[in-house]
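Just below is one structure, and these are the notes that go with it.
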Amino acid sequence: GIAGKLIMYASGKMRMKFGPGVYFDVEASPEANYRQSLVGINLKDRQTYTLGDVQSRFVCSPDVDCLLSTME
């Protein structure tokens, strides 16, 4: 299913919208010094599939001010 919507602004800022008033700020993560792969799992067939190496990483932090404003 769909987890949310990635919003990219002209300034380069990115946010993830998960629902009404639920936003996360998205920022590039520092480079990791280890290899990481993305793997898919088919539970029915008990098979795993390597989808490829992870090239970029991002950190998503909740926009607390936005969350609190929806509670008022």
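Ordering of the structure tokens sets the chain letters (A, B, ...), residue numbers begin anew at 1 in every chain, and ligands are numbered from 1 in the order given.
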Exercise. Got a sec: who's within 8 Å of region 19-35 of chain A, counting only C-alpha atoms, leaving out chain neighbours fewer than 4 positions off, as an NGL selection string?
Worked result: :A and (4 or 13-15 or 53-54 or 56-63 or 66-67 or 70)
Problem set entry | chain A: residues DSSP assigns to strand (DSSP E or B), reported as number ranges by chain | A: 5-8, 14-19, 22-28, 37-42, 47-53, 58-62
Expected file contents, prior selection, N, CA and C atoms, as a short mmCIF file (atom, residue, chain, number, x, y, z; two decimals), in the first residue's frame:
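Generated output (again.cif):
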data_model
loop_
_atom_site.label_atom_id
_atom_site.label_comp_id
_atom_site.auth_asym_id
_atom_site.auth_seq_id
_atom_site.Cartn_x
_atom_site.Cartn_y
_atom_site.Cartn_z
N LYS A 5 2.94 10.62 1.03
CA LYS A 5 3.25 11.36 -0.19
C LYS A 5 4.48 12.22 0.07
N LEU A 6 5.48 12.11 -0.81
CA LEU A 6 6.69 12.92 -0.70
C LEU A 6 6.45 14.24 -1.40
N ILE A 7 6.64 15.34 -0.67
CA ILE A 7 6.45 16.68 -1.22
C ILE A 7 7.82 17.33 -1.35
N MET A 8 8.15 17.78 -2.57
CA MET A 8 9.43 18.43 -2.82
C MET A 8 9.16 19.90 -3.17
N MET A 14 12.27 18.87 1.57
CA MET A 14 11.35 17.76 1.33
C MET A 14 10.59 17.45 2.61
N ARG A 15 9.32 17.08 2.44
CA ARG A 15 8.48 16.65 3.55
C ARG A 15 7.69 15.43 3.10
N MET A 16 7.34 14.60 4.08
CA MET A 16 6.51 13.43 3.81
C MET A 16 5.18 13.67 4.51
N LYS A 17 4.08 13.52 3.77
CA LYS A 17 2.74 13.68 4.35
C LYS A 17 2.13 12.31 4.52
N PHE A 18 1.76 11.97 5.76
CA PHE A 18 1.18 10.66 6.06
C PHE A 18 -0.31 10.72 6.30
N GLY A 19 -0.86 11.89 6.43
CA GLY A 19 -2.28 12.05 6.67
C GLY A 19 -2.57 13.50 6.99
N VAL A 22 -0.20 15.36 9.50
CA VAL A 22 0.91 14.50 9.92
C VAL A 22 2.02 14.62 8.88
N TYR A 23 3.03 15.43 9.20
CA TYR A 23 4.14 15.67 8.30
C TYR A 23 5.46 15.27 8.96
N PHE A 24 6.37 14.79 8.14
CA PHE A 24 7.72 14.49 8.58
C PHE A 24 8.68 15.27 7.69
N ASP A 25 9.69 15.91 8.29
CA ASP A 25 10.74 16.56 7.52
C ASP A 25 11.71 15.50 7.05
N VAL A 26 12.15 15.59 5.79
CA VAL A 26 13.04 14.60 5.19
C VAL A 26 14.36 15.28 4.86
N GLU A 27 15.46 14.71 5.38
CA GLU A 27 16.79 15.26 5.13
C GLU A 27 17.73 14.15 4.72
N ALA A 28 18.72 14.50 3.91
CA ALA A 28 19.72 13.52 3.49
C ALA A 28 20.52 13.06 4.71
N SER A 37 21.86 -3.58 1.40
CA SER A 37 21.05 -4.03 0.26
C SER A 37 19.58 -4.04 0.65
N LEU A 38 18.74 -3.83 -0.35
CA LEU A 38 17.30 -3.91 -0.16
C LEU A 38 16.84 -5.30 -0.58
N VAL A 39 16.07 -5.96 0.29
CA VAL A 39 15.66 -7.34 0.05
C VAL A 39 14.14 -7.43 0.14
N GLY A 40 13.54 -8.17 -0.79
CA GLY A 40 12.11 -8.45 -0.75
C GLY A 40 11.89 -9.88 -0.29
N ILE A 41 10.79 -10.11 0.42
CA ILE A 41 10.50 -11.45 0.94
C ILE A 41 9.11 -11.87 0.48
N ASN A 42 9.02 -13.05 -0.12
CA ASN A 42 7.75 -13.65 -0.50
C ASN A 42 7.44 -14.71 0.55
N GLN A 47 10.68 -17.33 -0.14
CA GLN A 47 11.81 -16.93 -0.97
C GLN A 47 12.21 -15.49 -0.63
N THR A 48 13.50 -15.20 -0.77
CA THR A 48 13.98 -13.83 -0.65
C THR A 48 14.59 -13.40 -1.98
N TYR A 49 14.52 -12.11 -2.24
CA TYR A 49 15.03 -11.55 -3.48
C TYR A 49 15.83 -10.29 -3.17
N THR A 50 17.06 -10.23 -3.64
CA THR A 50 17.87 -9.02 -3.50
C THR A 50 17.46 -8.05 -4.60
N LEU A 51 16.98 -6.87 -4.20
CA LEU A 51 16.49 -5.88 -5.15
C LEU A 51 17.59 -4.91 -5.59
N GLY A 52 18.67 -4.83 -4.82
CA GLY A 52 19.78 -3.95 -5.20
C GLY A 52 20.40 -3.29 -3.99
N ASP A 53 21.49 -2.58 -4.24
CA ASP A 53 22.18 -1.86 -3.17
C ASP A 53 21.49 -0.53 -2.90
N PHE A 58 17.96 8.60 3.84
CA PHE A 58 17.30 9.80 4.31
C PHE A 58 16.84 9.60 5.75
N VAL A 59 16.73 10.70 6.47
CA VAL A 59 16.23 10.69 7.84
C VAL A 59 14.90 11.43 7.84
N CYS A 60 13.87 10.81 8.39
CA CYS A 60 12.54 11.43 8.50
C CYS A 60 12.27 11.75 9.96
N SER A 61 12.02 13.04 10.24
CA SER A 61 11.75 13.49 11.61
C SER A 61 10.37 14.11 11.67
N PRO A 62 9.58 13.76 12.69
CA PRO A 62 8.23 14.32 12.77
C PRO A 62 8.25 15.83 12.96
#
For this session: Give the helix (DSSP H, G or I) residues of chain A, as DSSP finds them on the backbone, and put them as a list of chain:residue names.
Result: A:Val64, A:Asp65, A:Cys66, A:Leu67, A:Leu68, A:Ser69, A:Thr70, A:Met71
Would you write out those residues with C-alpha atoms, as a JSON list (two decimals), in the first residue's frame?
[["chain", "number", "residue", "atom", "x", "y", "z"],
["A", 64, "VAL", "CA", 6.17, 18.31, 16.13],
["A", 65, "ASP", "CA", 4.78, 21.85, 15.74],
["A", 66, "CYS", "CA", 2.44, 20.64, 13.00],
["A", 67, "LEU", "CA", 1.32, 17.66, 15.10],
["A", 68, "LEU", "CA", 0.64, 19.84, 18.15],
["A", 69, "SER", "CA", -1.34, 22.38, 16.12],
["A", 70, "THR", "CA", -3.76, 19.63, 15.03],
["A", 71, "MET", "CA", -4.46, 18.81, 18.71]]
